[in-house]
Amino acid sequence: MWLITPRGFFSAVAKAEDGDEFVNVRARSEHDIRNLADLIDAEPQRSDHTDYRWRIRCRKGEWAHALATMAREIDYDNFKSRIGRDDPDRAHLLGDVWRVLYELQQSDA
């Protein structure tokens, strides 16, 4: 699962060795993973040998609670504009993501 929120960009996966109880939530930036750590009681881990440098391993219930909190935090009517208020450079990158994913809609036409 990819998730892009005002708190950051996250990739959540369930690894076979963790069974059904845990999820690994990865991030590309320390800032993003620390924003997530505000919601999940876990210390972020750094690895310079993986495609996502930062990660938190947590119980799926903790992740679900964090997702619910992020959903309740939505107070904007335009996501890119909301991000642009705090971080114009990130908003520009997200605009690029928006344009690439727009192609999915175009291929549905």
# chains A, B, ... in the order shown; residues from 1 in each chain; ligands from 1
call {"tool": "select_by_dssp", "arguments": {"residues": "chain A", "states": "strand (DSSP E)", "output": "list of chain:residue names"}}
result
A:Trp2, A:Leu3, A:Ile4, A:Thr5, A:Gly8, A:Phe9, A:Phe10, A:Ser11, A:Ala12, A:Val13, A:Phe22, A:Val23, A:Asn24, A:Val25, A:Arg26, A:Ala27, A:Gln45, A:Arg46, A:Trp54, A:Arg55, A:Ile56, A:Arg57, A:Cys58, A:Arg59
call {"tool": "write_last_selection", "arguments": {"atoms": "C-alpha atoms", "output": "mmCIF file, in the first residue's frame"}}
result
data_model
loop_
_atom_site.group_PDB
_atom_site.id
_atom_site.type_symbol
_atom_site.label_atom_id
_atom_site.label_comp_id
_atom_site.auth_asym_id
_atom_site.auth_seq_id
_atom_site.Cartn_x
_atom_site.Cartn_y
_atom_site.Cartn_z
ATOM 1 C CA TRP A 2 1.235 3.437 -0.867
ATOM 2 C CA LEU A 3 -0.093 6.311 1.176
ATOM 3 C CA ILE A 4 0.612 10.000 0.656
ATOM 4 C CA THR A 5 -0.581 12.295 3.448
ATOM 5 C CA GLY A 8 4.439 11.939 4.577
ATOM 6 C CA PHE A 9 4.762 9.244 1.938
ATOM 7 C CA PHE A 10 4.608 5.672 3.209
ATOM 8 C CA SER A 11 4.788 2.187 1.742
ATOM 9 C CA ALA A 12 3.272 -0.542 3.918
ATOM 10 C CA VAL A 13 3.990 -4.232 3.339
ATOM 11 C CA PHE A 22 2.859 -7.215 11.767
ATOM 12 C CA VAL A 23 3.370 -4.688 9.012
ATOM 13 C CA ASN A 24 6.492 -2.859 7.880
ATOM 14 C CA VAL A 25 5.853 0.780 7.065
ATOM 15 C CA ARG A 26 8.645 2.301 5.029
ATOM 16 C CA ALA A 27 9.472 5.899 4.138
ATOM 17 C CA GLN A 45 15.048 2.121 11.899
ATOM 18 C CA ARG A 46 17.469 3.303 9.226
ATOM 19 C CA TRP A 54 13.449 4.398 6.905
ATOM 20 C CA ARG A 55 11.006 1.896 8.399
ATOM 21 C CA ILE A 56 8.865 1.054 11.372
ATOM 22 C CA ARG A 57 7.728 -2.482 12.156
ATOM 23 C CA CYS A 58 4.476 -2.499 14.086
ATOM 24 C CA ARG A 59 1.350 -4.516 14.748
#
call {"tool": "select_by_dssp", "arguments": {"residues": "chain A", "states": "helix (DSSP H, G or I)", "output": "VMD selection string"}}
result
chain A and resid 16 to 18 30 to 37 60 to 72 79 to 86 88 to 108
call {"tool": "atom_distance", "arguments": {"atom1": "atom CA of Gly95 of chain A", "atom2": "atom CA of Arg82 of chain A"}}
result
12.2 Å
call {"tool": "closest_residue", "arguments": {"among": "A:Arg53, A:Lys80, A:Leu39, A:His31", "to": "Arg99 of chain A", "atoms": "only C-alpha atoms"}}
result
A:Lys80
call {"tool": "closest_residue", "arguments": {"among": "A:Tyr102, A:Pro6, A:Ala14, A:Met1", "to": "Gly84 of chain A", "atoms": "only C-alpha atoms"}}
result
A:Pro6
call {"tool": "closest_residue", "arguments": {"among": "A:Gln106, A:His65, A:Ser29, A:Tyr76", "to": "Arg90 of chain A", "atoms": "only C-alpha atoms"}}
result
A:Ser29
